[in-house]
>>> print(open('my_file-v1.cif').read())   # mmCIF, C-alpha atoms
data_data
loop_
_atom_site.group_PDB
_atom_site.id
_atom_site.type_symbol
_atom_site.label_atom_id
_atom_site.label_comp_id
_atom_site.auth_asym_id
_atom_site.auth_seq_id
_atom_site.Cartn_x
_atom_site.Cartn_y
_atom_site.Cartn_z
ATOM 1 C CA MET A 93 28.338 -57.875 123.876
ATOM 2 C CA LYS A 94 28.075 -56.384 127.373
ATOM 3 C CA LEU A 95 30.865 -57.661 129.621
ATOM 4 C CA ILE A 96 32.062 -57.143 133.186
ATOM 5 C CA PHE A 97 35.662 -57.876 134.155
ATOM 6 C CA LEU A 98 36.062 -58.939 137.805
ATOM 7 C CA GLY A 99 39.178 -59.784 139.784
ATOM 8 C CA PRO A 100 41.445 -58.411 142.524
ATOM 9 C CA PRO A 101 43.604 -55.320 142.005
ATOM 10 C CA GLY A 102 46.629 -56.234 139.901
ATOM 11 C CA ALA A 103 44.893 -59.050 137.997
ATOM 12 C CA GLY A 104 45.453 -57.158 134.736
ATOM 13 C CA LYS A 105 41.829 -56.324 134.041
ATOM 14 C CA GLY A 106 42.589 -52.915 132.543
ATOM 15 C CA THR A 107 45.337 -54.167 130.236
ATOM 16 C CA LEU A 108 43.278 -57.163 129.115
ATOM 17 C CA ALA A 109 40.217 -54.982 128.550
ATOM 18 C CA ALA A 110 42.260 -52.664 126.335
ATOM 19 C CA GLN A 111 43.152 -55.671 124.155
ATOM 20 C CA ALA A 112 39.632 -57.084 124.174
ATOM 21 C CA MET A 113 38.056 -53.803 123.063
ATOM 22 C CA GLY A 114 40.101 -53.924 119.857
ATOM 23 C CA LEU A 115 39.074 -57.503 119.240
ATOM 24 C CA LEU A 116 35.369 -57.000 119.973
ATOM 25 C CA ALA A 117 35.012 -53.402 118.700
ATOM 26 C CA ILE A 118 33.342 -52.210 121.921
ATOM 27 C CA PRO A 119 34.578 -49.567 124.375
ATOM 28 C CA HIS A 120 36.584 -50.338 127.497
ATOM 29 C CA ILE A 121 34.938 -48.349 130.282
ATOM 30 C CA SER A 122 37.151 -48.044 133.343
ATOM 31 C CA THR A 123 35.728 -46.439 136.456
ATOM 32 C CA GLY A 124 39.310 -45.750 137.480
ATOM 33 C CA ALA A 125 39.742 -43.529 134.426
ATOM 34 C CA ILE A 126 36.419 -41.816 135.151
ATOM 35 C CA PHE A 127 37.525 -41.145 138.726
ATOM 36 C CA ARG A 128 40.938 -39.842 137.642
ATOM 37 C CA ALA A 129 39.254 -37.452 135.208
ATOM 38 C CA ALA A 130 37.115 -36.122 138.059
ATOM 39 C CA VAL A 131 40.228 -35.704 140.225
ATOM 40 C CA ALA A 132 42.037 -33.845 137.432
ATOM 41 C CA GLU A 133 39.124 -31.410 137.131
ATOM 42 C CA GLY A 134 39.567 -30.458 140.790
ATOM 43 C CA SER A 135 35.822 -30.323 141.375
ATOM 44 C CA PRO A 136 34.355 -30.999 144.838
ATOM 45 C CA LEU A 137 33.460 -34.496 143.623
ATOM 46 C CA GLY A 138 37.001 -34.942 142.312
ATOM 47 C CA LEU A 139 38.520 -33.946 145.654
ATOM 48 C CA LYS A 140 36.227 -36.416 147.418
ATOM 49 C CA VAL A 141 37.175 -39.188 145.011
ATOM 50 C CA LYS A 142 40.915 -38.427 145.422
ATOM 51 C CA ALA A 143 40.792 -38.731 149.204
ATOM 52 C CA VAL A 144 39.027 -42.088 148.973
ATOM 53 C CA MET A 145 41.332 -43.465 146.262
ATOM 54 C CA ASP A 146 44.479 -42.434 148.149
ATOM 55 C CA SER A 147 43.246 -44.336 151.208
ATOM 56 C CA GLY A 148 42.686 -47.516 149.189
ATOM 57 C CA ALA A 149 38.956 -47.587 149.992
ATOM 58 C CA LEU A 150 36.043 -47.523 147.523
ATOM 59 C CA VAL A 151 34.053 -44.551 146.259
ATOM 60 C CA ASP A 152 30.448 -44.766 147.502
ATOM 61 C CA ASP A 153 27.899 -46.721 145.463
ATOM 62 C CA GLU A 154 25.630 -43.801 144.572
ATOM 63 C CA THR A 155 28.419 -41.608 143.169
ATOM 64 C CA THR A 156 29.994 -44.479 141.250
ATOM 65 C CA THR A 157 26.699 -45.688 139.794
ATOM 66 C CA ASP A 158 25.719 -42.198 138.625
ATOM 67 C CA LEU A 159 29.049 -41.778 136.818
ATOM 68 C CA VAL A 160 28.729 -45.165 135.111
ATOM 69 C CA ARG A 161 25.091 -44.633 134.134
ATOM 70 C CA GLN A 162 26.069 -41.393 132.375
ATOM 71 C CA ARG A 163 28.917 -43.125 130.550
ATOM 72 C CA LEU A 164 26.829 -46.076 129.338
ATOM 73 C CA ALA A 165 24.270 -43.684 127.874
ATOM 74 C CA LYS A 166 26.811 -42.427 125.321
ATOM 75 C CA PRO A 167 26.420 -43.670 121.704
ATOM 76 C CA ASP A 168 29.618 -45.745 121.598
ATOM 77 C CA ALA A 169 28.375 -47.997 124.427
ATOM 78 C CA LEU A 170 24.933 -48.768 123.044
ATOM 79 C CA LYS A 171 26.070 -51.931 121.208
ATOM 80 C CA GLY A 172 28.201 -53.249 124.043
ATOM 81 C CA TYR A 173 31.072 -52.493 126.407
ATOM 82 C CA ILE A 174 33.633 -53.899 128.804
ATOM 83 C CA LEU A 175 33.152 -52.639 132.360
ATOM 84 C CA ASP A 176 36.383 -52.612 134.371
ATOM 85 C CA GLY A 177 36.047 -51.603 138.021
ATOM 86 C CA PHE A 178 32.261 -51.597 138.151
ATOM 87 C CA PRO A 179 30.278 -53.046 139.776
ATOM 88 C CA ARG A 180 32.366 -53.520 142.894
ATOM 89 C CA THR A 181 29.551 -54.331 145.304
ATOM 90 C CA VAL A 182 26.340 -56.336 145.109
ATOM 91 C CA PRO A 183 24.191 -53.177 145.442
ATOM 92 C CA GLN A 184 26.039 -51.686 142.449
ATOM 93 C CA ALA A 185 25.373 -54.889 140.506
ATOM 94 C CA GLY A 186 21.692 -54.647 141.320
ATOM 95 C CA SER A 187 21.580 -51.065 140.086
ATOM 96 C CA LEU A 188 23.415 -51.972 136.867
ATOM 97 C CA ALA A 189 20.928 -54.766 136.147
ATOM 98 C CA GLU A 190 18.132 -52.201 136.198
ATOM 99 C CA PHE A 191 19.556 -49.936 133.486
ATOM 100 C CA SER A 192 21.974 -52.179 131.521
ATOM 101 C CA PRO A 193 21.887 -55.996 132.064
ATOM 102 C CA VAL A 194 25.143 -57.701 131.036
ATOM 103 C CA ASP A 195 25.784 -60.810 128.911
ATOM 104 C CA ARG A 196 28.874 -62.260 130.608
ATOM 105 C CA VAL A 197 31.021 -61.702 133.704
ATOM 106 C CA VAL A 198 34.707 -62.656 133.350
ATOM 107 C CA ASN A 199 36.372 -63.421 136.689
ATOM 108 C CA PHE A 200 40.194 -63.153 136.555
ATOM 109 C CA GLU A 201 41.614 -65.163 139.452
ATOM 110 C CA LEU A 202 44.905 -64.182 141.181
ATOM 111 C CA SER A 203 46.361 -64.920 144.636
ATOM 112 C CA ASP A 204 47.006 -62.179 147.228
ATOM 113 C CA ALA A 205 50.759 -62.797 147.068
ATOM 114 C CA ALA A 206 50.790 -62.339 143.302
ATOM 115 C CA VAL A 207 48.727 -59.145 143.647
ATOM 116 C CA GLN A 208 51.248 -57.604 146.041
ATOM 117 C CA GLU A 209 54.170 -58.552 143.781
ATOM 118 C CA ARG A 210 52.565 -57.092 140.672
ATOM 119 C CA LEU A 211 51.348 -53.836 142.174
ATOM 120 C CA GLY A 212 54.636 -53.177 143.940
ATOM 121 C CA GLY A 213 56.263 -52.627 140.533
ATOM 122 C CA ARG A 214 53.396 -51.014 138.637
ATOM 123 C CA LEU A 215 54.038 -47.622 137.046
ATOM 124 C CA VAL A 216 51.409 -45.313 135.591
ATOM 125 C CA CYS A 217 51.703 -42.359 133.226
ATOM 126 C CA GLY A 218 50.637 -39.143 134.926
ATOM 127 C CA ASP A 219 49.337 -37.775 131.608
ATOM 128 C CA CYS A 220 47.452 -40.577 129.795
ATOM 129 C CA GLY A 221 47.075 -43.198 132.549
ATOM 130 C CA HIS A 222 48.798 -45.997 130.578
ATOM 131 C CA ASN A 223 50.238 -48.753 132.835
ATOM 132 C CA PHE A 224 53.738 -50.274 132.859
ATOM 133 C CA HIS A 225 55.625 -52.545 135.266
ATOM 134 C CA ALA A 226 59.178 -52.250 136.517
ATOM 135 C CA VAL A 227 59.775 -55.973 135.808
ATOM 136 C CA ASN A 228 57.037 -57.422 133.587
ATOM 137 C CA LEU A 229 56.223 -54.531 131.229
ATOM 138 C CA ARG A 230 59.103 -52.085 131.177
ATOM 139 C CA PRO A 231 58.873 -48.853 129.161
ATOM 140 C CA LYS A 232 61.322 -48.392 126.275
ATOM 141 C CA VAL A 233 62.845 -45.428 128.114
ATOM 142 C CA GLU A 234 63.011 -45.638 131.901
ATOM 143 C CA GLY A 235 60.492 -43.343 133.570
ATOM 144 C CA ILE A 236 58.898 -42.275 130.252
ATOM 145 C CA CYS A 237 55.549 -43.421 128.802
ATOM 146 C CA ASP A 238 55.846 -45.176 125.419
ATOM 147 C CA LYS A 239 52.411 -43.937 124.420
ATOM 148 C CA CYS A 240 52.563 -40.174 125.074
ATOM 149 C CA GLY A 241 55.995 -39.337 126.517
ATOM 150 C CA GLY A 242 54.626 -38.450 129.959
ATOM 151 C CA ARG A 243 56.397 -39.165 133.231
ATOM 152 C CA LEU A 244 55.771 -42.518 134.937
ATOM 153 C CA ARG A 245 55.125 -42.785 138.663
ATOM 154 C CA LEU A 246 53.941 -45.164 141.366
ATOM 155 C CA ARG A 247 50.286 -44.466 142.157
ATOM 156 C CA PRO A 248 49.505 -43.681 145.813
ATOM 157 C CA ASP A 249 47.018 -46.566 145.902
ATOM 158 C CA ASP A 250 49.803 -48.981 144.836
ATOM 159 C CA LEU A 251 51.933 -48.251 147.913
ATOM 160 C CA PRO A 252 52.253 -51.364 150.166
ATOM 161 C CA GLU A 253 49.892 -50.196 152.897
ATOM 162 C CA ALA A 254 47.257 -49.132 150.351
ATOM 163 C CA VAL A 255 47.555 -52.462 148.489
ATOM 164 C CA LEU A 256 46.839 -54.390 151.692
ATOM 165 C CA ARG A 257 43.813 -52.202 152.333
ATOM 166 C CA ARG A 258 42.566 -52.658 148.742
ATOM 167 C CA LEU A 259 42.851 -56.440 149.054
ATOM 168 C CA GLN A 260 40.907 -56.382 152.317
ATOM 169 C CA VAL A 261 38.189 -54.242 150.748
ATOM 170 C CA TYR A 262 38.069 -56.511 147.686
ATOM 171 C CA ARG A 263 37.666 -59.700 149.717
ATOM 172 C CA GLU A 264 34.995 -58.159 151.936
ATOM 173 C CA GLN A 265 32.927 -56.226 149.407
ATOM 174 C CA THR A 266 33.756 -57.192 145.834
ATOM 175 C CA ALA A 267 34.430 -60.942 145.959
ATOM 176 C CA PRO A 268 30.750 -61.663 146.850
ATOM 177 C CA LEU A 269 29.941 -60.473 143.315
ATOM 178 C CA VAL A 270 31.384 -63.732 142.030
ATOM 179 C CA ASP A 271 28.754 -65.690 143.959
ATOM 180 C CA PHE A 272 26.072 -63.191 142.928
ATOM 181 C CA TYR A 273 26.782 -63.607 139.210
ATOM 182 C CA ARG A 274 27.587 -67.312 139.434
ATOM 183 C CA GLY A 275 24.095 -67.841 140.773
ATOM 184 C CA GLN A 276 22.819 -66.239 137.573
ATOM 185 C CA GLY A 277 24.996 -68.457 135.363
ATOM 186 C CA LEU A 278 26.987 -65.484 134.049
ATOM 187 C CA ILE A 279 30.482 -66.194 135.451
ATOM 188 C CA THR A 280 33.466 -67.359 133.380
ATOM 189 C CA ASP A 281 36.643 -68.000 135.435
ATOM 190 C CA ILE A 282 40.062 -67.208 133.927
ATOM 191 C CA ASP A 283 43.448 -67.968 135.549
ATOM 192 C CA ALA A 284 45.255 -64.592 135.590
ATOM 193 C CA SER A 285 48.578 -65.839 136.993
ATOM 194 C CA GLY A 286 50.280 -66.233 133.600
ATOM 195 C CA ASP A 287 51.726 -63.611 131.291
ATOM 196 C CA LEU A 288 49.470 -61.293 129.320
ATOM 197 C CA ASP A 289 49.452 -63.347 126.121
ATOM 198 C CA THR A 290 48.570 -66.552 127.993
ATOM 199 C CA VAL A 291 45.735 -64.939 129.941
ATOM 200 C CA PHE A 292 44.315 -63.253 126.846
ATOM 201 C CA ALA A 293 44.410 -66.519 124.933
ATOM 202 C CA GLY A 294 42.437 -68.123 127.772
ATOM 203 C CA PHE A 295 39.933 -65.282 127.540
ATOM 204 C CA ARG A 296 39.467 -65.784 123.799
ATOM 205 C CA ARG A 297 38.964 -69.529 124.217
ATOM 206 C CA ALA A 298 36.440 -69.055 127.008
ATOM 207 C CA LEU A 299 34.347 -66.570 125.051
ATOM 208 C CA GLY A 300 34.840 -68.199 121.673
ATOM 209 C CA VAL A 301 36.189 -65.045 120.013
#
>>> encode(input="my_file-v1.cif", output="structure tokens")
Amino acid sequence: MKLIFLGPPGAGKGTLAAQAMGLLAIPHISTGAIFRAAVAEGSPLGLKVKAVMDSGALVDDETTTDLVRQRLAKPDALKGYILDGFPRTVPQAGSLAEFSPVDRVVNFELSDAAVQERLGGRLVCGDCGHNFHAVNLRPKVEGICDKCGGRLRLRPDDLPEAVLRRLQVYREQTAPLVDFYRGQGLITDIDASGDLDTVFAGFRRALGV
């Protein structure tokens, strides 16, 4: 099954995708993780990606599409995948349809106010990238990742001014994807305002898995 997860920043797409990949036995492919790997390498592309991410804007379509195309060509993605963070624009969606048409697009719906509340408390491990929340998903030891023991921090793109910019970019550029895929009969809407278990249960019901 080839899936796309859509929704505003903070809707929980990454966390839900991590659960869904175990259920469906397909990889969770996050463009955010791909970008962070490029940043960690310190390559010219990584430095370019870092500057864009820190500003809250989007990496250009050509660079993003090339990275995703390379990832989907790997053996573990041949039977299916969950795309999280791609496509983010209609041109990206058009490119994806040319080399890997998807089966379903899951649209996680969340208000702007809820986005700002969630991201304001989000913490990320600097080593493995695992997410926590200061209120809703606290680590067992404050400031320490449960998964690998790395230090937790607030990402630059989760700072208040960056969150507002990310929401603006989402509404202007990414939200039209919902109409694009709805016109193709591929959209499934999920209310993402509840806790993780509630949202995931809604996902399972909607997809019949």
>>> residues_around(input="my_file-v1.cif", residues="A:Cys237", least_positions_apart="3", cutoff="9 Å", atoms="all atoms listed in the file", output="list in words")
Val216, Cys217, Gly218, Asp219, Cys220, His222, Asn223, Phe224, Pro231, Lys232, Val233, Glu234, Cys240, Gly241, Gly242, Arg243 and Leu244 of chain A
>>> closest_residue(input="my_file-v1.cif", among="A:Val131, A:Met145, A:Ile279, A:Leu95", to="A:Arg247", atoms="all atoms listed in the file")
A:Met145
>>> atom_distance(input="my_file-v1.cif", atom1="atom CA of A:Gly300", atom2="atom CA of A:Gly277")
16.9 Å
>>> residues_around(input="my_file-v1.cif", residues="A:Ala284", least_positions_apart="6", cutoff="6 Å", atoms="all atoms listed in the file", output="count of residues only")
4
>>> resolve_selection(input="my_file-v1.cif", expression="the PyMOL selection byres ((chain A and resi 262) around 10)", output="tab-separated table (two decimals) with C-alpha atoms, in the frame of the given file")
chain	number	residue	atom	x	y	z
A	99	GLY	CA	39.18	-59.78	139.78
A	100	PRO	CA	41.44	-58.41	142.52
A	101	PRO	CA	43.60	-55.32	142.00
A	149	ALA	CA	38.96	-47.59	149.99
A	150	LEU	CA	36.04	-47.52	147.52
A	180	ARG	CA	32.37	-53.52	142.89
A	181	THR	CA	29.55	-54.33	145.30
A	256	LEU	CA	46.84	-54.39	151.69
A	257	ARG	CA	43.81	-52.20	152.33
A	258	ARG	CA	42.57	-52.66	148.74
A	259	LEU	CA	42.85	-56.44	149.05
A	260	GLN	CA	40.91	-56.38	152.32
A	261	VAL	CA	38.19	-54.24	150.75
A	263	ARG	CA	37.67	-59.70	149.72
A	264	GLU	CA	34.99	-58.16	151.94
A	265	GLN	CA	32.93	-56.23	149.41
A	266	THR	CA	33.76	-57.19	145.83
A	267	ALA	CA	34.43	-60.94	145.96
A	268	PRO	CA	30.75	-61.66	146.85
>>> closest_residue(input="my_file-v1.cif", among="A:Leu108, A:Leu98, A:Ala254, A:Val194", to="A:Thr290", atoms="all atoms listed in the file")
A:Leu108
>>> atom_distance(input="my_file-v1.cif", atom1="atom CA of A:Glu154", atom2="atom CA of A:Pro248")
23.9 Å
>>> atom_distance(input="my_file-v1.cif", atom1="atom CA of A:Ala112", atom2="atom CA of A:Gly235")
26.7 Å
>>> residues_around(input="my_file-v1.cif", residues="stretch 132-144 of chain A", least_positions_apart="5", cutoff="10 Å", atoms="only C-alpha atoms", output="PDB file with C-alpha atoms, keeping the file's coordinate frame")
ATOM      1  CA  ILE A 126      36.419 -41.816 135.151  1.00  0.00           C
ATOM      2  CA  PHE A 127      37.525 -41.145 138.726  1.00  0.00           C
ATOM      3  CA  ALA A 149      38.956 -47.587 149.992  1.00  0.00           C
ATOM      4  CA  LEU A 150      36.043 -47.523 147.523  1.00  0.00           C
ATOM      5  CA  VAL A 151      34.053 -44.551 146.259  1.00  0.00           C
ATOM      6  CA  ASP A 152      30.448 -44.766 147.502  1.00  0.00           C
ATOM      7  CA  THR A 155      28.419 -41.608 143.169  1.00  0.00           C
ATOM      8  CA  THR A 156      29.994 -44.479 141.250  1.00  0.00           C
ATOM      9  CA  ASP A 249      47.018 -46.566 145.902  1.00  0.00           C
TER      10      ASP A 249
END
>>> decode(input="my_file-v1.cif", residues="stretch 93-201 of chain A", atoms="C-alpha atoms", output="PDB file, in the first residue's frame")
ATOM      1  CA  MET A  93       0.000   0.000   0.000  1.00  0.00           C
ATOM      2  CA  LYS A  94       1.389   3.392  -1.042  1.00  0.00           C
ATOM      3  CA  LEU A  95       0.184   6.142   1.294  1.00  0.00           C
ATOM      4  CA  ILE A  96       0.667   9.884   1.714  1.00  0.00           C
ATOM      5  CA  PHE A  97       0.074  11.556   5.075  1.00  0.00           C
ATOM      6  CA  LEU A  98      -1.060  15.194   4.777  1.00  0.00           C
ATOM      7  CA  GLY A  99      -1.811  17.754   7.465  1.00  0.00           C
ATOM      8  CA  PRO A 100      -0.406  20.919   9.057  1.00  0.00           C
ATOM      9  CA  PRO A 101       2.793  20.900  11.119  1.00  0.00           C
ATOM     10  CA  GLY A 102       2.071  19.444  14.550  1.00  0.00           C
ATOM     11  CA  ALA A 103      -0.773  17.182  13.380  1.00  0.00           C
ATOM     12  CA  GLY A 104       1.225  14.134  14.495  1.00  0.00           C
ATOM     13  CA  LYS A 105       1.910  12.727  11.051  1.00  0.00           C
ATOM     14  CA  GLY A 106       5.386  11.468  11.928  1.00  0.00           C
ATOM     15  CA  THR A 107       4.319   9.751  15.146  1.00  0.00           C
ATOM     16  CA  LEU A 108       1.262   8.187  13.510  1.00  0.00           C
ATOM     17  CA  ALA A 109       3.314   7.044  10.523  1.00  0.00           C
ATOM     18  CA  ALA A 110       5.777   5.328  12.855  1.00  0.00           C
ATOM     19  CA  GLN A 111       2.871   3.330  14.319  1.00  0.00           C
ATOM     20  CA  ALA A 112       1.298   2.609  10.944  1.00  0.00           C
ATOM     21  CA  MET A 113       4.531   1.250   9.465  1.00  0.00           C
ATOM     22  CA  GLY A 114       4.584  -1.473  12.122  1.00  0.00           C
ATOM     23  CA  LEU A 115       0.979  -2.341  11.421  1.00  0.00           C
ATOM     24  CA  LEU A 116       1.293  -2.373   7.624  1.00  0.00           C
ATOM     25  CA  ALA A 117       4.902  -3.636   7.354  1.00  0.00           C
ATOM     26  CA  ILE A 118       5.936  -0.805   5.007  1.00  0.00           C
ATOM     27  CA  PRO A 119       8.569   1.890   5.586  1.00  0.00           C
ATOM     28  CA  HIS A 120       7.812   5.343   6.953  1.00  0.00           C
ATOM     29  CA  ILE A 121       9.653   7.764   4.678  1.00  0.00           C
ATOM     30  CA  SER A 122       9.981  11.216   6.205  1.00  0.00           C
ATOM     31  CA  THR A 123      11.441  13.997   4.102  1.00  0.00           C
ATOM     32  CA  GLY A 124      12.267  15.741   7.362  1.00  0.00           C
ATOM     33  CA  ALA A 125      14.581  12.874   8.294  1.00  0.00           C
ATOM     34  CA  ILE A 126      16.123  12.933   4.812  1.00  0.00           C
ATOM     35  CA  PHE A 127      16.753  16.668   5.135  1.00  0.00           C
ATOM     36  CA  ARG A 128      18.237  16.323   8.627  1.00  0.00           C
ATOM     37  CA  ALA A 129      20.608  13.634   7.356  1.00  0.00           C
ATOM     38  CA  ALA A 130      21.767  16.008   4.619  1.00  0.00           C
ATOM     39  CA  VAL A 131      22.272  18.770   7.202  1.00  0.00           C
ATOM     40  CA  ALA A 132      24.282  16.433   9.446  1.00  0.00           C
ATOM     41  CA  GLU A 133      26.588  15.582   6.537  1.00  0.00           C
ATOM     42  CA  GLY A 134      27.466  19.269   6.179  1.00  0.00           C
ATOM     43  CA  SER A 135      27.416  19.080   2.392  1.00  0.00           C
ATOM     44  CA  PRO A 136      26.586  22.159   0.288  1.00  0.00           C
ATOM     45  CA  LEU A 137      23.084  20.733  -0.166  1.00  0.00           C
ATOM     46  CA  GLY A 138      22.833  20.166   3.584  1.00  0.00           C
ATOM     47  CA  LEU A 139      23.813  23.762   4.342  1.00  0.00           C
ATOM     48  CA  LYS A 140      21.197  24.983   1.864  1.00  0.00           C
ATOM     49  CA  VAL A 141      18.533  22.778   3.418  1.00  0.00           C
ATOM     50  CA  LYS A 142      19.454  23.955   6.954  1.00  0.00           C
ATOM     51  CA  ALA A 143      19.049  27.627   6.081  1.00  0.00           C
ATOM     52  CA  VAL A 144      15.622  26.989   4.570  1.00  0.00           C
ATOM     53  CA  MET A 145      14.420  24.785   7.443  1.00  0.00           C
ATOM     54  CA  ASP A 146      15.546  27.290  10.085  1.00  0.00           C
ATOM     55  CA  SER A 147      13.514  30.004   8.353  1.00  0.00           C
ATOM     56  CA  GLY A 148      10.362  27.864   8.374  1.00  0.00           C
ATOM     57  CA  ALA A 149      10.101  27.888   4.567  1.00  0.00           C
ATOM     58  CA  LEU A 150      10.095  24.878   2.216  1.00  0.00           C
ATOM     59  CA  VAL A 151      13.004  23.280   0.379  1.00  0.00           C
ATOM     60  CA  ASP A 152      12.593  23.758  -3.388  1.00  0.00           C
ATOM     61  CA  ASP A 153      10.576  21.212  -5.369  1.00  0.00           C
ATOM     62  CA  GLU A 154      13.410  19.922  -7.553  1.00  0.00           C
ATOM     63  CA  THR A 155      15.763  19.151  -4.649  1.00  0.00           C
ATOM     64  CA  THR A 156      13.016  17.550  -2.577  1.00  0.00           C
ATOM     65  CA  THR A 157      11.695  15.434  -5.443  1.00  0.00           C
ATOM     66  CA  ASP A 158      15.165  14.143  -6.337  1.00  0.00           C
ATOM     67  CA  LEU A 159      15.782  13.060  -2.735  1.00  0.00           C
ATOM     68  CA  VAL A 160      12.428  11.272  -2.532  1.00  0.00           C
ATOM     69  CA  ARG A 161      12.818   9.581  -5.918  1.00  0.00           C
ATOM     70  CA  GLN A 162      16.142   8.110  -4.767  1.00  0.00           C
ATOM     71  CA  ARG A 163      14.588   6.878  -1.524  1.00  0.00           C
ATOM     72  CA  LEU A 164      11.577   5.219  -3.173  1.00  0.00           C
ATOM     73  CA  ALA A 165      13.886   3.301  -5.497  1.00  0.00           C
ATOM     74  CA  LYS A 166      15.321   1.340  -2.557  1.00  0.00           C
ATOM     75  CA  PRO A 167      14.153  -2.299  -2.143  1.00  0.00           C
ATOM     76  CA  ASP A 168      12.229  -1.783   1.109  1.00  0.00           C
ATOM     77  CA  ALA A 169       9.853   0.698  -0.568  1.00  0.00           C
ATOM     78  CA  LEU A 170       8.961  -1.369  -3.615  1.00  0.00           C
ATOM     79  CA  LYS A 171       5.900  -2.983  -1.973  1.00  0.00           C
ATOM     80  CA  GLY A 172       4.610   0.206  -0.399  1.00  0.00           C
ATOM     81  CA  TYR A 173       5.436   3.118   1.891  1.00  0.00           C
ATOM     82  CA  ILE A 174       4.089   5.966   3.979  1.00  0.00           C
ATOM     83  CA  LEU A 175       5.235   9.368   2.723  1.00  0.00           C
ATOM     84  CA  ASP A 176       5.359  11.995   5.473  1.00  0.00           C
ATOM     85  CA  GLY A 177       6.259  15.515   4.354  1.00  0.00           C
ATOM     86  CA  PHE A 178       6.089  14.870   0.624  1.00  0.00           C
ATOM     87  CA  PRO A 179       4.511  16.034  -1.572  1.00  0.00           C
ATOM     88  CA  ARG A 180       4.054  19.504  -0.140  1.00  0.00           C
ATOM     89  CA  THR A 181       3.056  21.277  -3.342  1.00  0.00           C
ATOM     90  CA  VAL A 182       0.912  20.400  -6.343  1.00  0.00           C
ATOM     91  CA  PRO A 183       3.959  20.336  -8.670  1.00  0.00           C
ATOM     92  CA  GLN A 184       5.608  17.806  -6.329  1.00  0.00           C
ATOM     93  CA  ALA A 185       2.428  15.719  -6.425  1.00  0.00           C
ATOM     94  CA  GLY A 186       2.481  15.768 -10.203  1.00  0.00           C
ATOM     95  CA  SER A 187       6.084  14.592 -10.240  1.00  0.00           C
ATOM     96  CA  LEU A 188       5.344  11.802  -7.747  1.00  0.00           C
ATOM     97  CA  ALA A 189       2.458  10.547  -9.893  1.00  0.00           C
ATOM     98  CA  GLU A 190       4.890  10.066 -12.765  1.00  0.00           C
ATOM     99  CA  PHE A 191       7.285   7.737 -10.935  1.00  0.00           C
ATOM    100  CA  SER A 192       5.205   6.273  -8.061  1.00  0.00           C
ATOM    101  CA  PRO A 193       1.376   6.727  -8.065  1.00  0.00           C
ATOM    102  CA  VAL A 194      -0.152   6.359  -4.587  1.00  0.00           C
ATOM    103  CA  ASP A 195      -3.174   4.362  -3.375  1.00  0.00           C
ATOM    104  CA  ARG A 196      -4.524   6.631  -0.624  1.00  0.00           C
ATOM    105  CA  VAL A 197      -3.946  10.108   0.818  1.00  0.00           C
ATOM    106  CA  VAL A 198      -4.722  10.499   4.542  1.00  0.00           C
ATOM    107  CA  ASN A 199      -5.494  14.096   5.530  1.00  0.00           C
ATOM    108  CA  PHE A 200      -5.049  14.749   9.281  1.00  0.00           C
ATOM    109  CA  GLU A 201      -7.064  17.844  10.182  1.00  0.00           C
TER     110      GLU A 201
END
